[in-house]
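I have placed the structure first, in the form of structure tokens, so that the comments after it can refer back to it.
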2 protein chains.
Amino acid sequence: MDIVLIGAGNLATRLGLRLKECNHRIVQVYSRTEKSARELADKLKTEWTTRVDEVSPEGQLYLVSVSDKAVEPLLCKIGFGKRLVAHTAGSMPLDVLQPFTDNFGVFYPLQTFSKSRAVDFSQIPVCIEANNPENLAILRKLGASISNDVREIGSEQRRQLHLSAVFVCNFVNHLYTIGEELLKEKEIDFDVLKPLIIETAAKVLEFSPKDAQTGPAVRFDRNVIDRHLEMLEEHPQWNDIYKLLSESIHQLHTK
Amino acid sequence: MDIVLIGAGNLATRLGLRLKECNHRIVQVYSRTEKSARELADKLKTEWTTRVDEVSPEGQLYLVSVSDKAVEPLLCKIGFGKRLVAHTAGSMPLDVLQPFTDNFGVFYPLQTFSKSRAVDFSQIPVCIEANNPENLAILRKLGASISNDVREIGSEQRRQLHLSAVFVCNFVNHLYTIGEELLKEKEIDFDVLKPLIIETAAKVLEFSPKDAQTGPAVRFDRNVIDRHLEMLEEHPQWNDIYKLLSESIHQLHTK
């Protein structure tokens with residue numbers, strides 16, 4: 001397919017590279033800032049623009065990967081005619097695109113992306129939705145060309161999926177960060193935690209996380225918990241996080 | 001070495017199996033309950049007891065893997081003489097063992113264990129400490145026989161390590177559980193999150209978690225955050241967790 005990328009962030013970068021690798025043509029990259037437009041266009045060996053009035057009319061599909069609040073003010077300045085536009089966000093419903101074209105959909109790859117880190121795209125669930133069966137078929141075909149896991153997911157389910165993803169990815173990564181910061185204070189290398197981090201994740205491929213729960217909170221070992229809270233006295237926010245998560249674990253496991 | 005296992009929980013089970021695999025002799029398993037003593041002894045093809053006065057005198061090393069609060073009341077009933085006793089806990093200092101023998105140490109494998117799940121023990125950091133260089137050498141040799149990663153770690157550092165481990169393992173697993181529960185409500189299979197969970201963990205092998213942070217909280221995308229908090233209205237505790245973790249992420253990334 002001939003595709004125009006609207007946005008040049010982490011997701012647009014990894015998705016663009018994968019599309020190109022799978023023999024789609026990236027016609028153009030639009031981004032608000034020259035730096036990111038140029039950077040991604042260079043990687044994709046294609047054109048770029050920062051001007052809404054210069055967005056190419058040659059796309060068969062416009063993939064919109066910008067922050068939720070930027071979508072409306074940006075898209076209303078681009079003339080899509082009746083061309084197919086899809087956003088790539090977990091959090092936005094399908095119909096945010098209705099004002100801008102007759103043909104629209106969602107193409108949401110459920111993964112965490114960084115510009116500089118390659119991921120195995122073939123395993124990524126691509127969640128699709130569209131305003132009619134024809135557009136859905138187009139997005140399904142596109143999805144199948146880059147991943148083995150394409151799923152039709154409606155806006156309400158996708159929204160819940162995105163909320164869950166915030167817990168299991170963004171919040172989890174923040175707990176890794178707290179772990180790292182705590183170790184730094186005692187000059188311990190973060191490397192020592194890596195086998196534990198990998199095993200904790202790998203375990204839920206086999207068990208439901210509810211059954212995999214271990215540690216002082218599930219036993220509600222008051223001794224350990226109180227000592228830990230004491231150790232966190234100089235980090236009131238982490239102390240609160242510790243308390244809240246321990247209570248939540250305990251409640252879930254005594255229900 | 002000839003080893004007596006005091007305790008037959010998750011850690012004792014996986015450690016016992018690994019020790020046997022590496023040609024150590026498990027002399028006996030002690031546990032408070034017959035069921036778990038027998039179960040582990042069967043796996044290790046050895047003797048078991050639930051009576052403190054029947055703990056074998058034949059061990060060269062007694063490995064104590066019971067909950068923190070059980071250590072003192074249990075060990076004061078067993079006559080160790082001058083034999084070497086080591087506990088396997090991250091949270092307890094070395095000197096809790098001082099009252100019970102002249103030779104004592106810590107042998108703490110930093111990992112999450114389940115009875116029924118095998119782990120690659122060769123990669124697990126084994127943190128050792130002892131009351132004198134001779135005992136430390138014994139534990140170092142034992143550690144090296146089951147893992148490629150043996151580290152001498154003092155009680156204060158180990159305590160911090162254990163606190164960090166609670167964040168990156170126990171609390172992380174609870175966030176996985178919340179993710180799974182949220183999906184259940186909309187009848188979405190947890191499988192869809194697995195590539196994301198694995199990638200989130202794998203990413204911190206390469207990047208510091210602080211640099212790997214993505215999602216609405218780090219951008220402090222008020223639109224998305226408010227919508228998510230609304231979706232969590234019926235789960236006040238998860239709502240609190242969402243709020244607290246989002247604020248903590250935002251603060252860390254604007255410092």
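Every chain in the structure tokens takes a letter, A first, then B, and so on in the order presented; its residues are numbered from 1, and the ligands are numbered from 1 following the presented order.
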
Hey, could you make a per-residue contact list for chain B against chain A with 6 Å as the cut-off, showing the nearest pair of atoms and its distance in Å to one decimal, counting only C-alpha atoms, sorted by chain and number, as a tab-separated table?
residue	atom	partner	partner_atom	distance
B:Gln111	CA	A:Leu196	CA	5.1
B:Ser164	CA	A:Gly179	CA	4.4
B:Phe167	CA	A:Leu175	CA	5.6
B:Val168	CA	A:Tyr176	CA	5.2
B:Cys169	CA	A:Thr200	CA	5.8
B:Asn170	CA	A:Gly215	CA	5.8
B:Val172	CA	A:Val172	CA	5.4
B:Leu175	CA	A:Phe167	CA	5.6
B:Tyr176	CA	A:Val168	CA	5.2
B:Thr177	CA	A:Pro209	CA	5.1
B:Gly179	CA	A:Ser164	CA	4.4
B:Leu196	CA	A:Gln111	CA	5.1
B:Ile198	CA	A:Ala201	CA	5.9
B:Thr200	CA	A:Cys169	CA	5.8
B:Ala201	CA	A:Ile198	CA	5.9
B:Pro209	CA	A:Thr177	CA	5.1
B:Lys210	CA	A:Thr177	CA	5.5
B:Gly215	CA	A:Asn170	CA	5.8

Can you move chain A onto chain B by a least-squares fit over all C-alpha atoms paired in order, then give me the moved copy as a compact mmCIF listing (two decimals) with C-alpha atoms, in the first residue's frame?
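Output saved as superposed33.txt:
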# COMPACT_ATOMS: atom_id res chain seq x y z
CA MET A 1 27.73 -31.33 50.57
CA ASP A 2 25.36 -33.07 52.96
CA ILE A 3 22.48 -30.69 53.45
CA VAL A 4 19.39 -30.60 55.66
CA LEU A 5 16.55 -28.42 54.42
CA ILE A 6 14.59 -26.63 57.13
CA GLY A 7 11.38 -25.58 55.39
CA ALA A 8 9.66 -26.97 52.28
CA GLY A 9 8.08 -23.97 50.57
CA ASN A 10 8.60 -22.61 47.06
CA LEU A 11 12.21 -21.57 47.60
CA ALA A 12 13.22 -24.73 49.50
CA THR A 13 11.66 -26.85 46.76
CA ARG A 14 13.44 -25.24 43.81
CA LEU A 15 16.72 -24.87 45.70
CA GLY A 16 16.58 -28.46 46.95
CA LEU A 17 15.98 -29.78 43.44
CA ARG A 18 18.86 -27.72 42.07
CA LEU A 19 21.23 -28.86 44.83
CA LYS A 20 20.36 -32.48 44.17
CA GLU A 21 20.79 -31.97 40.43
CA CYS A 22 24.28 -30.60 41.18
CA ASN A 23 25.17 -33.74 43.12
CA HIS A 24 24.74 -32.54 46.66
CA ARG A 25 23.10 -34.91 49.09
CA ILE A 26 19.87 -33.76 50.70
CA VAL A 27 19.99 -35.64 54.00
CA GLN A 28 16.53 -34.70 55.22
CA VAL A 29 13.64 -32.26 54.85
CA TYR A 30 12.05 -30.71 57.90
CA SER A 31 8.70 -28.96 57.65
CA ARG A 32 6.03 -28.08 60.18
CA THR A 33 3.39 -29.84 58.10
CA GLU A 34 3.60 -33.46 57.04
CA LYS A 35 2.15 -32.75 53.62
CA SER A 36 4.83 -30.34 52.48
CA ALA A 37 7.66 -32.25 54.21
CA ARG A 38 6.62 -35.47 52.51
CA GLU A 39 6.03 -33.84 49.12
CA LEU A 40 9.48 -32.30 48.94
CA ALA A 41 11.23 -35.35 50.40
CA ASP A 42 9.54 -37.49 47.73
CA LYS A 43 10.80 -35.17 44.99
CA LEU A 44 14.29 -35.35 46.46
CA LYS A 45 14.09 -39.07 47.25
CA THR A 46 15.13 -38.49 50.85
CA GLU A 47 13.90 -38.59 54.46
CA TRP A 48 11.56 -36.12 56.07
CA THR A 49 10.37 -35.12 59.54
CA THR A 50 7.94 -32.71 61.17
CA ARG A 51 9.58 -33.08 64.61
CA VAL A 52 12.26 -30.65 65.72
CA ASP A 53 13.85 -33.30 67.95
CA GLU A 54 14.26 -35.56 64.92
CA VAL A 55 16.17 -33.13 62.74
CA SER A 56 19.16 -35.11 61.50
CA PRO A 57 22.58 -34.39 63.08
CA GLU A 58 24.22 -35.48 59.82
CA GLY A 59 24.06 -32.21 57.90
CA GLN A 60 27.23 -30.32 57.03
CA LEU A 61 24.89 -27.41 56.30
CA TYR A 62 21.37 -26.55 57.47
CA LEU A 63 19.51 -24.35 55.00
CA VAL A 64 16.68 -22.49 56.69
CA SER A 65 13.87 -21.37 54.35
CA VAL A 66 10.93 -20.51 56.58
CA SER A 67 9.04 -17.24 57.01
CA ASP A 68 10.90 -14.54 58.92
CA LYS A 69 8.73 -14.74 61.99
CA ALA A 70 9.10 -18.54 62.22
CA VAL A 71 12.91 -18.51 62.33
CA GLU A 72 13.51 -17.69 65.99
CA PRO A 73 10.81 -19.89 67.59
CA LEU A 74 11.78 -22.78 65.34
CA LEU A 75 15.57 -22.68 65.51
CA CYS A 76 15.70 -22.37 69.28
CA LYS A 77 14.16 -25.84 69.45
CA ILE A 78 16.72 -27.50 67.18
CA GLY A 79 20.13 -28.41 68.57
CA PHE A 80 22.66 -27.45 65.89
CA GLY A 81 25.76 -27.72 68.08
CA LYS A 82 28.46 -25.90 66.15
CA ARG A 83 27.18 -26.91 62.73
CA LEU A 84 26.81 -24.45 59.86
CA VAL A 85 23.37 -22.90 59.52
CA ALA A 86 22.37 -20.50 56.72
CA HIS A 87 19.08 -18.80 56.03
CA THR A 88 17.88 -18.01 52.52
CA ALA A 89 15.93 -14.79 53.17
CA GLY A 90 16.52 -11.39 51.62
CA SER A 91 14.88 -9.57 54.46
CA MET A 92 16.72 -10.93 57.51
CA PRO A 93 20.15 -9.83 58.68
CA LEU A 94 22.93 -12.35 59.19
CA ASP A 95 22.96 -12.05 62.96
CA VAL A 96 19.47 -13.47 63.55
CA LEU A 97 21.29 -16.82 63.44
CA GLN A 98 23.92 -15.94 66.06
CA PRO A 99 21.96 -17.32 69.05
CA PHE A 100 21.77 -20.82 67.56
CA THR A 101 25.28 -21.80 66.47
CA ASP A 102 28.86 -20.56 66.14
CA ASN A 103 28.82 -21.02 62.38
CA PHE A 104 26.25 -19.21 60.33
CA GLY A 105 25.63 -17.43 57.07
CA VAL A 106 23.15 -16.32 54.44
CA PHE A 107 22.52 -18.04 51.12
CA TYR A 108 19.95 -15.92 49.27
CA PRO A 109 19.03 -16.81 45.69
CA LEU A 110 17.42 -13.64 44.28
CA GLN A 111 14.51 -15.01 42.28
CA THR A 112 10.77 -15.71 42.47
CA PHE A 113 10.08 -19.40 42.93
CA SER A 114 7.03 -21.60 42.48
CA LYS A 115 7.05 -25.26 43.41
CA SER A 116 5.80 -26.30 39.99
CA ARG A 117 7.91 -24.08 37.75
CA ALA A 118 11.53 -24.81 36.89
CA VAL A 119 13.90 -21.87 36.51
CA ASP A 120 17.35 -21.60 34.99
CA PHE A 121 19.31 -21.62 38.24
CA SER A 122 22.65 -20.99 36.57
CA GLN A 123 21.64 -17.34 35.94
CA ILE A 124 20.29 -16.60 39.42
CA PRO A 125 22.34 -14.23 41.58
CA VAL A 126 23.15 -16.06 44.81
CA CYS A 127 23.90 -13.54 47.55
CA ILE A 128 26.12 -14.87 50.30
CA GLU A 129 27.30 -13.62 53.68
CA ALA A 130 28.82 -15.43 56.67
CA ASN A 131 30.16 -14.88 60.17
CA ASN A 132 33.74 -15.71 59.16
CA PRO A 133 35.87 -16.22 56.03
CA GLU A 134 35.83 -20.02 56.33
CA ASN A 135 32.05 -20.20 56.31
CA LEU A 136 31.91 -17.63 53.52
CA ALA A 137 34.24 -19.83 51.46
CA ILE A 138 31.99 -22.85 52.05
CA LEU A 139 28.91 -20.91 50.93
CA ARG A 140 30.74 -19.45 47.96
CA LYS A 141 31.75 -22.92 46.81
CA LEU A 142 28.21 -24.17 47.25
CA GLY A 143 26.83 -21.17 45.35
CA ALA A 144 29.29 -21.66 42.49
CA SER A 145 28.19 -25.28 42.19
CA ILE A 146 24.62 -24.24 41.35
CA SER A 147 24.93 -20.77 39.75
CA ASN A 148 27.33 -18.69 37.66
CA ASP A 149 26.51 -15.56 39.65
CA VAL A 150 27.60 -15.69 43.31
CA ARG A 151 27.96 -12.34 45.08
CA GLU A 152 29.07 -11.40 48.56
CA ILE A 153 26.43 -8.96 49.79
CA GLY A 154 26.20 -7.60 53.35
CA SER A 155 23.00 -7.53 55.38
CA GLU A 156 22.20 -3.88 54.74
CA GLN A 157 22.64 -4.14 50.99
CA ARG A 158 20.70 -7.39 50.90
CA ARG A 159 17.83 -5.78 52.74
CA GLN A 160 17.69 -3.03 50.10
CA LEU A 161 17.92 -5.63 47.36
CA HIS A 162 14.96 -7.43 48.84
CA LEU A 163 12.94 -4.21 49.05
CA SER A 164 13.71 -3.51 45.38
CA ALA A 165 12.74 -7.06 44.52
CA VAL A 166 9.34 -6.53 46.11
CA PHE A 167 8.78 -3.60 43.73
CA VAL A 168 10.05 -5.25 40.54
CA CYS A 169 8.55 -8.67 41.19
CA ASN A 170 5.70 -8.86 43.73
CA PHE A 171 4.21 -5.45 42.92
CA VAL A 172 4.78 -5.87 39.20
CA ASN A 173 2.95 -9.18 39.30
CA HIS A 174 0.07 -7.47 41.06
CA LEU A 175 -0.15 -4.93 38.25
CA TYR A 176 -0.29 -7.87 35.82
CA THR A 177 -3.17 -9.19 37.92
CA ILE A 178 -5.05 -5.89 37.75
CA GLY A 179 -4.50 -5.88 33.98
CA GLU A 180 -5.93 -9.38 33.75
CA GLU A 181 -8.95 -8.53 35.93
CA LEU A 182 -9.73 -5.45 33.83
CA LEU A 183 -9.67 -7.51 30.65
CA LYS A 184 -11.94 -10.17 32.17
CA GLU A 185 -14.60 -7.53 32.72
CA LYS A 186 -14.79 -6.96 28.97
CA GLU A 187 -14.25 -10.62 28.10
CA ILE A 188 -10.84 -10.08 26.54
CA ASP A 189 -8.27 -12.85 26.78
CA PHE A 190 -5.16 -12.04 28.85
CA ASP A 191 -3.01 -13.54 26.07
CA VAL A 192 -3.26 -10.29 24.14
CA LEU A 193 -1.09 -8.55 26.77
CA LYS A 194 1.69 -11.13 26.82
CA PRO A 195 3.92 -9.70 24.07
CA LEU A 196 3.67 -6.31 25.80
CA ILE A 197 4.58 -7.77 29.20
CA ILE A 198 7.59 -9.61 27.78
CA GLU A 199 8.82 -6.60 25.80
CA THR A 200 8.42 -4.25 28.79
CA ALA A 201 10.69 -6.56 30.79
CA ALA A 202 13.12 -7.26 27.94
CA LYS A 203 13.52 -3.53 27.29
CA VAL A 204 15.22 -2.90 30.63
CA LEU A 205 17.92 -5.42 29.77
CA GLU A 206 19.04 -2.80 27.26
CA PHE A 207 17.84 0.58 28.64
CA SER A 208 17.64 1.99 32.12
CA PRO A 209 13.92 1.79 33.04
CA LYS A 210 13.94 5.53 33.59
CA ASP A 211 14.82 6.05 29.92
CA ALA A 212 12.38 3.37 28.78
CA GLN A 213 9.33 5.06 30.32
CA THR A 214 6.44 5.59 27.88
CA GLY A 215 2.70 6.20 28.19
CA PRO A 216 0.22 8.91 29.15
CA ALA A 217 1.69 9.61 32.60
CA VAL A 218 5.16 10.57 31.37
CA ARG A 219 3.57 12.97 28.86
CA PHE A 220 1.07 13.83 31.62
CA ASP A 221 -1.70 13.59 29.03
CA ARG A 222 -4.59 14.88 31.16
CA ASN A 223 -7.22 13.73 28.61
CA VAL A 224 -6.18 10.10 28.74
CA ILE A 225 -5.48 10.07 32.46
CA ASP A 226 -8.89 11.54 33.34
CA ARG A 227 -10.69 9.10 31.07
CA HIS A 228 -8.84 6.19 32.67
CA LEU A 229 -9.65 7.37 36.18
CA GLU A 230 -13.29 7.55 35.17
CA MET A 231 -13.15 3.98 33.87
CA LEU A 232 -11.78 2.91 37.26
CA GLU A 233 -14.53 4.54 39.28
CA GLU A 234 -15.92 1.19 40.39
CA HIS A 235 -12.48 0.08 41.57
CA PRO A 236 -11.51 2.75 44.11
CA GLN A 237 -8.30 0.94 45.07
CA TRP A 238 -7.11 0.60 41.47
CA ASN A 239 -8.15 4.20 40.88
CA ASP A 240 -5.86 5.22 43.78
CA ILE A 241 -3.05 3.08 42.40
CA TYR A 242 -3.47 4.67 38.97
CA LYS A 243 -3.41 8.17 40.41
CA LEU A 244 -0.44 7.59 42.68
CA LEU A 245 1.70 5.86 40.05
CA SER A 246 0.89 8.49 37.42
CA GLU A 247 1.88 11.28 39.78
CA SER A 248 5.04 9.44 40.74
CA ILE A 249 6.00 8.93 37.08
CA HIS A 250 5.30 12.54 36.26
CA GLN A 251 7.31 13.85 39.20
CA LEU A 252 10.28 11.62 38.46
CA HIS A 253 10.33 12.79 34.85
CA THR A 254 10.03 16.50 35.57
CA LYS A 255 12.68 16.54 38.31

Could you write out, as a PyMOL selection string, all the residues of stretch 139-255 of chain B that DSSP marks as alpha helix (DSSP H)?
chain B and resi 139-146+155-165+172-185+194-206+209-212+216-219+222-231+236-254
